[in-house]
file target-v1.cif (mmCIF, C-alpha atoms (C1' of nucleotides))
data_run
#
loop_
_atom_site.label_atom_id
_atom_site.label_comp_id
_atom_site.auth_asym_id
_atom_site.auth_seq_id
_atom_site.Cartn_x
_atom_site.Cartn_y
_atom_site.Cartn_z
CA MET A 1 140.05 -3.76 10.94
CA SER A 2 137.39 -2.55 13.25
CA THR A 3 137.11 -5.03 16.04
CA GLU A 4 133.52 -4.15 16.80
CA LYS A 5 130.94 -6.49 15.49
CA GLN A 6 128.82 -4.96 12.76
CA THR A 7 125.30 -5.39 13.97
CA SER A 8 123.69 -3.63 11.08
CA LEU A 9 124.43 -3.06 7.44
CA THR A 10 123.82 -0.25 5.04
CA ILE A 11 121.65 -0.96 2.06
CA GLY A 12 124.68 -1.20 -0.19
CA ARG A 13 126.43 -3.82 1.91
CA THR A 14 123.23 -5.76 2.36
CA ALA A 15 122.66 -5.75 -1.37
CA LYS A 16 126.17 -6.91 -2.15
CA GLN A 17 126.04 -9.73 0.36
CA ALA A 18 122.68 -10.89 -0.87
CA GLY A 19 123.53 -10.65 -4.53
CA VAL A 20 120.77 -8.21 -5.39
CA THR A 21 120.74 -4.54 -6.22
CA ILE A 22 119.93 -1.65 -3.94
CA ASP A 23 116.87 -0.97 -6.03
CA THR A 24 115.62 -4.46 -5.51
CA ILE A 25 115.87 -4.06 -1.77
CA ARG A 26 113.91 -0.84 -1.82
CA PHE A 27 111.41 -2.46 -4.14
CA TYR A 28 110.94 -5.39 -1.77
CA GLU A 29 110.52 -3.06 1.12
CA HIS A 30 107.82 -1.27 -0.81
CA ARG A 31 106.15 -4.60 -1.49
CA GLY A 32 106.25 -5.66 2.12
CA LEU A 33 108.71 -8.48 1.59
CA LEU A 34 111.21 -6.74 3.79
CA PRO A 35 110.18 -4.99 6.96
CA MET A 36 110.78 -1.27 7.16
CA PRO A 37 114.31 -0.99 8.45
CA GLN A 38 115.71 1.26 11.10
CA ARG A 39 117.11 4.53 9.89
CA THR A 40 120.09 6.53 10.91
CA ALA A 41 119.69 10.17 11.86
CA ASN A 42 120.19 11.21 8.26
CA GLY A 43 117.71 8.73 6.92
CA TYR A 44 120.00 5.90 5.80
CA ARG A 45 118.51 2.43 6.06
CA LEU A 46 120.16 0.04 8.50
CA TYR A 47 119.57 -3.67 8.15
CA PRO A 48 120.17 -6.47 10.59
CA PRO A 49 122.32 -9.27 9.12
CA GLU A 50 119.31 -11.59 8.86
CA THR A 51 118.07 -9.46 6.02
CA VAL A 52 120.74 -11.02 3.85
CA SER A 53 119.31 -14.47 4.51
CA ARG A 54 115.86 -13.21 3.84
CA LEU A 55 116.97 -11.89 0.50
CA HIS A 56 118.69 -15.16 -0.37
CA PHE A 57 115.50 -16.95 0.43
CA ILE A 58 113.47 -14.69 -1.80
CA ARG A 59 115.86 -15.16 -4.70
CA ARG A 60 115.78 -18.90 -4.57
CA ALA A 61 112.07 -19.14 -3.99
CA LYS A 62 111.61 -17.06 -7.11
CA GLY A 63 113.76 -19.52 -9.01
CA LEU A 64 111.37 -22.24 -7.95
CA GLY A 65 108.46 -20.54 -9.61
CA PHE A 66 106.98 -18.75 -6.63
CA THR A 67 105.72 -15.24 -7.22
CA LEU A 68 106.60 -12.41 -4.90
CA ASP A 69 103.13 -12.58 -3.45
CA GLU A 70 103.53 -16.25 -2.68
CA ILE A 71 106.90 -15.62 -1.16
CA HIS A 72 105.29 -12.93 0.90
CA THR A 73 102.92 -15.41 2.44
CA LEU A 74 105.77 -17.84 3.07
CA LEU A 75 107.66 -15.14 4.86
CA LYS A 76 104.64 -14.11 6.83
CA LEU A 77 104.49 -17.61 8.22
CA GLN A 78 107.76 -16.96 9.83
CA ASP A 79 107.06 -13.40 10.77
CA MET A 80 103.77 -13.87 12.46
CA GLY A 81 104.08 -14.76 16.05
CA GLY A 82 100.44 -15.59 16.46
CA ALA A 83 97.52 -16.69 14.30
CA LYS A 84 98.34 -20.34 14.58
CA ALA A 85 95.36 -21.47 12.57
CA ASP A 86 96.43 -19.37 9.63
CA VAL A 87 99.91 -20.75 9.83
CA LYS A 88 98.55 -24.26 9.71
CA ALA A 89 96.33 -23.62 6.74
CA LEU A 90 98.92 -21.73 4.81
CA THR A 91 101.72 -24.19 5.37
CA GLU A 92 99.53 -27.06 4.33
CA HIS A 93 98.59 -25.28 1.16
CA LYS A 94 102.19 -24.46 0.40
CA LEU A 95 103.27 -28.01 1.14
CA LYS A 96 100.86 -29.27 -1.46
CA GLN A 97 102.19 -26.86 -4.03
CA ILE A 98 105.72 -27.89 -3.24
CA GLU A 99 104.96 -31.58 -3.50
CA ILE A 100 103.57 -31.05 -6.96
CA LYS A 101 106.58 -29.08 -8.01
CA ILE A 102 108.95 -31.74 -6.76
CA THR A 103 107.06 -34.49 -8.52
CA ASP A 104 107.06 -32.53 -11.74
CA LEU A 105 110.75 -31.90 -11.54
CA GLN A 106 111.42 -35.55 -10.89
CA LEU A 107 109.41 -36.51 -13.92
CA MET A 108 111.35 -34.05 -15.98
CA GLN A 109 114.53 -35.44 -14.60
CA ASP A 110 113.58 -38.95 -15.60
CA ALA A 111 112.76 -37.82 -19.08
CA LEU A 112 116.02 -35.97 -19.50
CA ARG A 113 118.01 -38.86 -18.13
CA LYS A 114 116.39 -41.14 -20.61
CA LEU A 115 117.17 -38.72 -23.38
CA ASN A 116 120.72 -38.63 -22.21
CA THR A 117 121.39 -42.33 -21.91
CA GLN A 118 119.02 -44.29 -24.04
CA CYS A 119 118.42 -41.73 -26.66
CA SER A 120 121.64 -39.93 -27.25
CA GLY A 121 123.30 -43.03 -28.56
CA THR A 122 122.70 -43.80 -32.15
CA GLY A 123 118.97 -44.18 -32.00
CA ASN A 124 116.31 -41.73 -32.90
CA VAL A 125 115.91 -38.93 -30.40
CA SER A 126 112.34 -38.36 -31.34
CA ASN A 127 111.41 -41.62 -29.67
CA CYS A 128 112.12 -40.08 -26.31
CA PRO A 129 109.25 -37.94 -25.26
CA ILE A 130 110.00 -35.31 -22.67
CA ILE A 131 106.62 -33.81 -22.93
CA GLU A 132 104.60 -36.89 -22.16
CA THR A 133 106.39 -37.34 -18.91
CA LEU A 134 104.85 -34.20 -17.58
CA THR A 135 101.44 -34.57 -19.07
CA VAL A 136 100.55 -38.21 -19.19
CA ASN A 137 102.13 -39.38 -15.99
CA SER A 138 101.23 -36.67 -13.61
CA LEU A 139 98.26 -34.90 -12.24
CA PRO A 140 95.36 -36.95 -13.57
CA ASN A 141 93.49 -33.71 -13.99
CA SER A 142 92.99 -31.67 -10.82
CA ASP A 143 92.58 -28.18 -12.01
CA ASN A 144 95.79 -26.86 -10.86
CA SER A 145 95.42 -23.19 -11.39
CA SER A 146 95.48 -20.64 -8.71
CA THR A 147 98.68 -19.74 -7.10
CA GLU A 148 97.07 -17.74 -4.43
CA MET B 1 77.20 -37.65 -37.16
CA SER B 2 80.87 -38.03 -37.62
CA THR B 3 81.95 -40.38 -34.92
CA GLU B 4 85.37 -40.39 -36.46
CA LYS B 5 88.18 -39.44 -34.22
CA GLN B 6 89.14 -35.80 -34.52
CA THR B 7 92.69 -35.84 -35.73
CA SER B 8 93.12 -32.14 -35.51
CA LEU B 9 91.72 -29.37 -33.41
CA THR B 10 90.90 -25.75 -33.97
CA ILE B 11 92.76 -23.22 -31.91
CA GLY B 12 89.76 -22.73 -29.65
CA ARG B 13 89.42 -26.40 -28.82
CA THR B 14 93.12 -26.76 -28.32
CA ALA B 15 93.14 -23.82 -25.98
CA LYS B 16 90.24 -25.12 -23.95
CA GLN B 17 91.75 -28.57 -23.60
CA ALA B 18 95.10 -27.18 -22.59
CA GLY B 19 93.71 -24.63 -20.18
CA VAL B 20 95.22 -21.63 -21.91
CA THR B 21 93.77 -18.88 -24.03
CA ILE B 22 93.76 -18.60 -27.78
CA ASP B 23 96.03 -15.60 -27.48
CA THR B 24 98.53 -17.58 -25.54
CA ILE B 25 98.68 -20.19 -28.25
CA ARG B 26 99.28 -17.61 -30.92
CA PHE B 27 101.85 -15.98 -28.71
CA TYR B 28 103.70 -19.27 -28.23
CA GLU B 29 103.61 -19.92 -31.93
CA HIS B 30 105.16 -16.53 -32.47
CA ARG B 31 107.83 -17.37 -29.93
CA GLY B 32 108.64 -20.66 -31.55
CA LEU B 33 107.37 -22.77 -28.66
CA LEU B 34 104.73 -24.25 -30.88
CA PRO B 35 105.47 -25.22 -34.45
CA MET B 36 103.55 -23.43 -37.17
CA PRO B 37 100.38 -25.43 -37.53
CA GLN B 38 98.61 -26.57 -40.63
CA ARG B 39 95.94 -24.25 -41.92
CA THR B 40 92.59 -24.88 -43.48
CA ALA B 41 91.73 -23.34 -46.83
CA ASN B 42 90.38 -20.26 -45.10
CA GLY B 43 93.42 -19.84 -42.90
CA TYR B 44 92.22 -21.43 -39.66
CA ARG B 45 94.93 -23.13 -37.62
CA LEU B 46 94.64 -26.87 -37.16
CA TYR B 47 96.52 -28.57 -34.36
CA PRO B 48 97.34 -32.20 -33.83
CA PRO B 49 96.21 -33.48 -30.41
CA GLU B 50 99.81 -33.59 -29.18
CA THR B 51 99.76 -29.84 -29.08
CA VAL B 52 97.59 -30.08 -26.00
CA SER B 53 100.29 -32.07 -24.22
CA ARG B 54 102.89 -29.65 -25.35
CA LEU B 55 100.90 -26.80 -23.88
CA HIS B 56 100.41 -28.66 -20.62
CA PHE B 57 104.11 -29.19 -20.47
CA ILE B 58 104.82 -25.52 -21.01
CA ARG B 59 102.40 -24.51 -18.29
CA ARG B 60 103.88 -26.77 -15.71
CA ALA B 61 107.44 -26.02 -16.61
CA LYS B 62 106.63 -22.37 -16.13
CA GLY B 63 105.29 -23.19 -12.71
CA LEU B 64 108.65 -24.69 -11.88
CA GLY B 65 110.43 -21.46 -12.56
CA PHE B 66 111.61 -22.09 -16.09
CA THR B 67 111.41 -19.17 -18.48
CA LEU B 68 109.87 -19.54 -21.90
CA ASP B 69 113.34 -19.51 -23.40
CA GLU B 70 114.43 -22.34 -21.15
CA ILE B 71 111.31 -24.26 -21.99
CA HIS B 72 112.08 -23.63 -25.61
CA THR B 73 115.40 -25.41 -25.28
CA LEU B 74 113.78 -28.27 -23.40
CA LEU B 75 111.29 -28.67 -26.19
CA LYS B 76 113.98 -28.47 -28.82
CA LEU B 77 115.61 -31.47 -27.21
CA GLN B 78 112.59 -33.42 -28.15
CA ASP B 79 112.07 -31.79 -31.48
CA MET B 80 115.49 -32.16 -32.86
CA GLY B 81 116.05 -35.45 -34.53
CA GLY B 82 119.76 -34.96 -34.88
CA ALA B 83 122.55 -32.99 -33.21
CA LYS B 84 123.22 -35.58 -30.56
CA ALA B 85 126.08 -33.68 -29.03
CA ASP B 86 123.87 -30.69 -28.39
CA VAL B 87 121.26 -32.87 -26.83
CA LYS B 88 123.82 -34.31 -24.47
CA ALA B 89 125.17 -30.94 -23.40
CA LEU B 90 121.78 -29.36 -23.00
CA THR B 91 120.24 -32.19 -21.05
CA GLU B 92 123.16 -32.30 -18.69
CA HIS B 93 122.85 -28.63 -18.03
CA LYS B 94 119.13 -28.88 -17.47
CA LEU B 95 119.58 -31.85 -15.17
CA LYS B 96 121.86 -29.80 -12.96
CA GLN B 97 119.33 -26.99 -12.79
CA ILE B 98 116.61 -29.44 -11.92
CA GLU B 99 118.60 -31.08 -9.18
CA ILE B 100 119.13 -27.75 -7.51
CA LYS B 101 115.46 -26.91 -7.74
CA ILE B 102 114.47 -30.23 -6.21
CA THR B 103 116.91 -29.82 -3.36
CA ASP B 104 115.66 -26.34 -2.66
CA LEU B 105 112.07 -27.45 -2.66
CA GLN B 106 112.88 -30.27 -0.29
CA LEU B 107 114.53 -27.87 2.08
CA MET B 108 111.51 -25.67 1.94
CA GLN B 109 109.33 -28.66 2.55
CA ASP B 110 111.28 -29.62 5.65
CA ALA B 111 110.99 -26.13 6.99
CA LEU B 112 107.27 -25.96 6.43
CA ARG B 113 106.73 -29.38 7.95
CA LYS B 114 108.58 -28.28 11.01
CA LEU B 115 106.49 -25.18 11.18
CA ASN B 116 103.41 -27.29 10.89
CA THR B 117 104.17 -29.88 13.50
CA GLN B 118 106.62 -28.54 16.00
CA CYS B 119 105.67 -24.96 15.78
CA SER B 120 101.96 -24.72 15.34
CA GLY B 121 101.28 -26.15 18.75
CA THR B 122 101.39 -23.73 21.55
CA GLY B 123 104.96 -22.62 21.20
CA ASN B 124 106.35 -19.57 19.60
CA VAL B 125 106.22 -19.63 15.82
CA SER B 126 109.10 -17.30 15.50
CA ASN B 127 111.43 -20.03 16.69
CA CYS B 128 110.89 -21.88 13.45
CA PRO B 129 112.98 -20.39 10.74
CA ILE B 130 111.86 -21.07 7.22
CA ILE B 131 114.38 -18.77 5.78
CA GLU B 132 117.45 -20.36 7.24
CA THR B 133 116.62 -23.64 5.65
CA LEU B 134 117.16 -22.20 2.22
CA THR B 135 120.10 -20.03 3.02
CA VAL B 136 122.25 -21.75 5.57
CA ASN B 137 122.02 -25.24 4.22
CA SER B 138 122.52 -24.56 0.59
CA LEU B 139 124.66 -22.57 -1.81
CA PRO B 140 128.02 -22.19 -0.17
CA ASN B 141 128.33 -18.46 -0.46
CA SER B 142 132.02 -17.82 -0.91
CA ASP B 143 131.64 -14.17 -0.12
CA ASN B 144 130.57 -14.91 3.40
CA SER B 145 133.30 -13.56 5.65
CA SER B 146 131.48 -13.56 8.91
CA THR B 147 133.88 -12.12 11.44
CA GLU B 148 131.95 -13.17 14.45
"C1'" DC C 1 69.77 -14.33 -44.56
"C1'" DT C 2 71.00 -13.15 -40.30
"C1'" DT C 3 72.70 -14.17 -35.58
"C1'" DG C 4 76.11 -16.20 -32.77
"C1'" DA C 5 80.11 -18.69 -32.28
"C1'" DC C 6 84.13 -19.23 -34.24
"C1'" DC C 7 88.54 -17.80 -36.79
"C1'" DC C 8 92.18 -14.15 -38.79
"C1'" DT C 9 95.89 -10.14 -38.32
"C1'" DA C 10 98.09 -6.21 -36.30
"C1'" DG C 11 98.92 -3.58 -32.81
"C1'" DA C 12 97.82 -1.46 -28.29
"C1'" DC C 13 97.66 -2.43 -23.58
"C1'" DC C 14 98.59 -4.65 -18.93
"C1'" DC C 15 100.91 -6.80 -14.89
"C1'" DT C 16 105.12 -8.34 -12.62
"C1'" DA C 17 109.44 -7.56 -11.17
"C1'" DG C 18 112.55 -4.90 -11.36
"C1'" DT C 19 116.10 -0.98 -13.33
"C1'" DC C 20 117.35 3.58 -14.29
"C1'" DT C 21 117.27 8.58 -14.14
"C1'" DA C 22 117.02 13.17 -12.01
"C1'" DG C 23 117.93 15.92 -8.37
"C1'" DG C 24 119.89 16.15 -4.04
"C1'" DG C 25 122.24 15.13 0.78
"C1'" DT C 26 126.44 12.88 3.68
"C1'" DT C 27 130.89 11.09 4.74
"C1'" DT C 28 135.59 10.36 4.27
"C1'" DA C 29 140.10 10.06 2.31
"C1'" DA C 30 143.58 12.69 -0.27
"C1'" DT D 1 137.85 21.26 0.19
"C1'" DT D 2 136.77 18.55 -3.09
"C1'" DA D 3 135.98 14.19 -5.34
"C1'" DA D 4 134.68 9.49 -4.69
"C1'" DA D 5 131.55 6.75 -2.80
"C1'" DC D 6 127.88 6.30 -0.45
"C1'" DC D 7 122.76 7.34 0.75
"C1'" DC D 8 117.72 9.49 -0.18
"C1'" DT D 9 112.97 10.07 -2.96
"C1'" DA D 10 109.99 10.11 -6.86
"C1'" DG D 11 108.98 8.76 -11.00
"C1'" DA D 12 110.03 7.09 -15.79
"C1'" DC D 13 111.42 3.08 -18.25
"C1'" DT D 14 112.18 -1.99 -19.48
"C1'" DA D 15 111.62 -7.00 -20.40
"C1'" DG D 16 108.95 -11.05 -19.99
"C1'" DG D 17 104.69 -12.99 -20.59
"C1'" DG D 18 100.77 -12.44 -21.94
"C1'" DT D 19 95.70 -10.05 -22.89
"C1'" DC D 20 92.59 -7.08 -25.38
"C1'" DT D 21 90.74 -4.37 -29.24
"C1'" DA D 22 89.71 -3.10 -33.82
"C1'" DG D 23 88.36 -4.48 -38.05
"C1'" DG D 24 87.14 -8.19 -40.69
"C1'" DG D 25 86.16 -13.20 -42.61
"C1'" DT D 26 83.54 -18.03 -41.99
"C1'" DC D 27 80.07 -21.28 -40.90
"C1'" DA D 28 75.98 -23.70 -38.82
"C1'" DA D 29 71.39 -23.16 -37.21
"C1'" DG D 30 66.99 -21.09 -37.14
#

call {"tool": "encode", "arguments": {"input": "target-v1.cif", "output": "C-alpha cells"}}
result
Amino acid sequence: MSTEKQTSLTIGRTAKQAGVTIDTIRFYEHRGLLPMPQRTANGYRLYPPETVSRLHFIRRAKGLGFTLDEIHTLLKLQDMGGAKADVKALTEHKLKQIEIKITDLQLMQDALRKLNTQCSGTGNVSNCPIIETLTVNSLPNSDNSSTE
Amino acid sequence: MSTEKQTSLTIGRTAKQAGVTIDTIRFYEHRGLLPMPQRTANGYRLYPPETVSRLHFIRRAKGLGFTLDEIHTLLKLQDMGGAKADVKALTEHKLKQIEIKITDLQLMQDALRKLNTQCSGTGNVSNCPIIETLTVNSLPNSDNSSTE
DNA sequence: CTTGACCCTAGACCCTAGTCTAGGGTTTAA
DNA sequence: TTAAACCCTAGACTAGGGTCTAGGGTCAAG
C-alpha cells in the first residue's frame, strides 16, 4: 500500500509485467535492444516503466517475423534524436517490408477463408489451393531476400 | 533436343527455382514439409513443378513469423483430402492468428508513417513513439494495474 | 576415360534466441 | 538469525532451422 509512485522497477517486476523472463531481459540488454539501466548501490538493475512497453513491442515484432537485429533498427529509429536522413531511409525500408508482410497475410487469409467456406462443405478440399495464393498471386518475382 | 516440357525437376533445379538450397529441401522432406518425392533408378529425387510453389510458400510464411510446425499444419490443410472437421478448426485458428498479425503490422505501419512524415522534418524524433503503437493500442493486458 | 557438374547418405557443425546452472550477495518477514 | 525471495556474473546448454563435410555414386562432354 505504498502511496509513492514507483518510478522504477526491478528486473523481476519488469520481466513479470512484460511477460518475459529475467534472462531474456539481460540477454536483450547484452544485445543492445534495451539500454543499460540504472543500478542501485548494490548493483541491482532499475528500469523505468517504459521498458515494459519496449519489451512488449519486441515480443510482438518477433511474432511478425522480424529478427532481433531488425527490431533493433526499428527501436533505434525511436531512440535516435538526430540523424534524420537515416531515419527516413530506414523507415521507408521497413515500411516496404511491412507492406509485403501485410499483403502476404491477406492472401493467406483469403485462401483460408475459401477453404473454410467453399471447401469445407462436401466438396473436395484438394481443390482449394492455399499455396498458390502466396506464390502465384503475389510478388511477381522481385528477389525478396535480405532482411537487413 | 527435347523441347518437351519438363514434368519433374532434380533437387538442384528445384532448389534454384525456389531460392533455397538443396540441403534445405532435404531438411524439409525430413521434417515432413515436403512429401517424399519420386526417385529415379539411381536414387535421385524427382520433384513435380508444384514443389517450387510449395517452397515459395514456406519461405514467405516463415517471413511472416510462422514456425515450420505451423507451416506444416497450414500445408496439411491443403494436403488432406478428408477430415473436414479438422480443416475447419485449424483454419479458424490460423485465421485468428493472421488477423492479429495484420493488425499489429498495420499499427507498426502507422507508427513508421508518422515517424516519416511528421517527425523527420525538423522536429524532435523522440516525440514519435513507435513502441507505444504496438503496446498501448493492442492486447489488453489484464495484469496492468497502473496505480498512477 | 577422365573431368566437372550433379546426386546420395549420415552426421557434424553453426547461428539465433534464449534458458539454465554455479557460485555468490542483499533484503525482509517470521 | 535464518529462510524465502530477490538480485548479480559468467558460462554451459538447448531448440529451431538450417549448412557443411566426408565419402561415394552418376552422367555428359571433350

call {"tool": "resolve_selection", "arguments": {"input": "target-v1.cif", "expression": "the PyMOL selection byres ((chain A) within 9 of (chain D))", "output": "list in words"}}
result
Thr10, Ile11, Gly12, Asn42, Gly43, Tyr44 and Arg45 of chain A

call {"tool": "residues_near_point", "arguments": {"input": "target-v1.cif", "point": "(92.2, -27.2, -27.5)", "cutoff": "12 Å", "atoms": "only C-alpha atoms (C1' of nucleotides)", "output": "PyMOL selection string"}}
result
chain B and resi 6-22+24-25+45-56

call {"tool": "resolve_selection", "arguments": {"input": "target-v1.cif", "expression": "the PyMOL selection byres ((chain C) within 10 of (chain A))", "output": "ChimeraX atom specification"}}
result
/C:16-20,25-26

call {"tool": "atom_distance", "arguments": {"input": "target-v1.cif", "atom1": "CA of Ala89 (chain B)", "atom2": "CA of Asp110 (chain A)"}}
result
16.1 Å

call {"tool": "atom_distance", "arguments": {"input": "target-v1.cif", "atom1": "CA of Pro35 (chain A)", "atom2": "CA of Gln78 (chain A)"}}
result
12.5 Å

call {"tool": "decode", "arguments": {"input": "target-v1.cif", "residues": "region 46-75 of chain B", "atoms": "N, CA and C atoms", "output": "short mmCIF file (atom, residue, chain, number, x, y, z; two decimals), in the first residue's frame"}}
result
data_model
loop_
_atom_site.label_atom_id
_atom_site.label_comp_id
_atom_site.auth_asym_id
_atom_site.auth_seq_id
_atom_site.Cartn_x
_atom_site.Cartn_y
_atom_site.Cartn_z
N LEU B 46 13.11 -36.71 -57.70
CA LEU B 46 12.45 -36.02 -58.80
C LEU B 46 11.21 -35.32 -58.28
N TYR B 47 11.18 -34.00 -58.48
CA TYR B 47 10.07 -33.22 -57.94
C TYR B 47 9.14 -32.73 -59.04
N PRO B 48 7.85 -32.75 -58.75
CA PRO B 48 6.91 -32.10 -59.66
C PRO B 48 7.07 -30.59 -59.51
N PRO B 49 6.73 -29.84 -60.54
CA PRO B 49 6.94 -28.38 -60.50
C PRO B 49 6.22 -27.69 -59.34
N GLU B 50 5.15 -28.27 -58.85
CA GLU B 50 4.42 -27.64 -57.74
C GLU B 50 5.29 -27.51 -56.49
N THR B 51 6.28 -28.33 -56.43
CA THR B 51 7.16 -28.28 -55.26
C THR B 51 7.79 -26.90 -55.12
N VAL B 52 8.07 -26.30 -56.26
CA VAL B 52 8.65 -24.95 -56.23
C VAL B 52 7.70 -23.98 -55.53
N SER B 53 6.43 -24.06 -55.88
CA SER B 53 5.43 -23.19 -55.24
C SER B 53 5.35 -23.47 -53.75
N ARG B 54 5.40 -24.73 -53.45
CA ARG B 54 5.32 -25.12 -52.05
C ARG B 54 6.49 -24.52 -51.27
N LEU B 55 7.63 -24.54 -51.87
CA LEU B 55 8.82 -23.98 -51.22
C LEU B 55 8.72 -22.46 -51.09
N HIS B 56 8.21 -21.83 -52.12
CA HIS B 56 7.98 -20.39 -52.04
C HIS B 56 7.07 -20.07 -50.86
N PHE B 57 6.02 -20.84 -50.80
CA PHE B 57 5.04 -20.63 -49.73
C PHE B 57 5.71 -20.74 -48.36
N ILE B 58 6.50 -21.76 -48.20
CA ILE B 58 7.17 -21.97 -46.91
C ILE B 58 8.06 -20.79 -46.57
N ARG B 59 8.81 -20.33 -47.55
CA ARG B 59 9.71 -19.21 -47.32
C ARG B 59 8.98 -17.97 -46.84
N ARG B 60 7.88 -17.69 -47.51
CA ARG B 60 7.18 -16.46 -47.17
C ARG B 60 6.45 -16.59 -45.86
N ALA B 61 5.90 -17.76 -45.63
CA ALA B 61 5.21 -17.96 -44.36
C ALA B 61 6.19 -17.81 -43.20
N LYS B 62 7.40 -18.27 -43.42
CA LYS B 62 8.42 -18.10 -42.39
C LYS B 62 8.67 -16.63 -42.13
N GLY B 63 8.70 -15.87 -43.20
CA GLY B 63 8.93 -14.44 -43.08
C GLY B 63 7.81 -13.72 -42.34
N LEU B 64 6.69 -14.39 -42.22
CA LEU B 64 5.56 -13.79 -41.51
C LEU B 64 5.50 -14.26 -40.07
N GLY B 65 6.53 -14.93 -39.66
CA GLY B 65 6.62 -15.33 -38.26
C GLY B 65 6.01 -16.68 -37.94
N PHE B 66 5.68 -17.45 -38.95
CA PHE B 66 5.17 -18.79 -38.67
C PHE B 66 6.36 -19.75 -38.52
N THR B 67 6.25 -20.66 -37.58
CA THR B 67 7.30 -21.66 -37.42
C THR B 67 7.08 -22.77 -38.46
N LEU B 68 8.08 -23.59 -38.62
CA LEU B 68 7.93 -24.70 -39.56
C LEU B 68 6.78 -25.61 -39.16
N ASP B 69 6.59 -25.79 -37.88
CA ASP B 69 5.48 -26.63 -37.43
C ASP B 69 4.13 -26.02 -37.81
N GLU B 70 4.03 -24.72 -37.65
CA GLU B 70 2.79 -24.04 -38.02
C GLU B 70 2.57 -24.14 -39.52
N ILE B 71 3.62 -23.98 -40.26
CA ILE B 71 3.52 -24.06 -41.70
C ILE B 71 3.11 -25.48 -42.10
N HIS B 72 3.63 -26.42 -41.36
CA HIS B 72 3.27 -27.80 -41.58
C HIS B 72 1.75 -27.98 -41.49
N THR B 73 1.16 -27.41 -40.48
CA THR B 73 -0.29 -27.58 -40.34
C THR B 73 -1.04 -26.83 -41.45
N LEU B 74 -0.50 -25.69 -41.84
CA LEU B 74 -1.13 -24.97 -42.96
C LEU B 74 -1.10 -25.83 -44.22
N LEU B 75 0.02 -26.45 -44.43
CA LEU B 75 0.16 -27.26 -45.63
C LEU B 75 -0.70 -28.52 -45.56
#
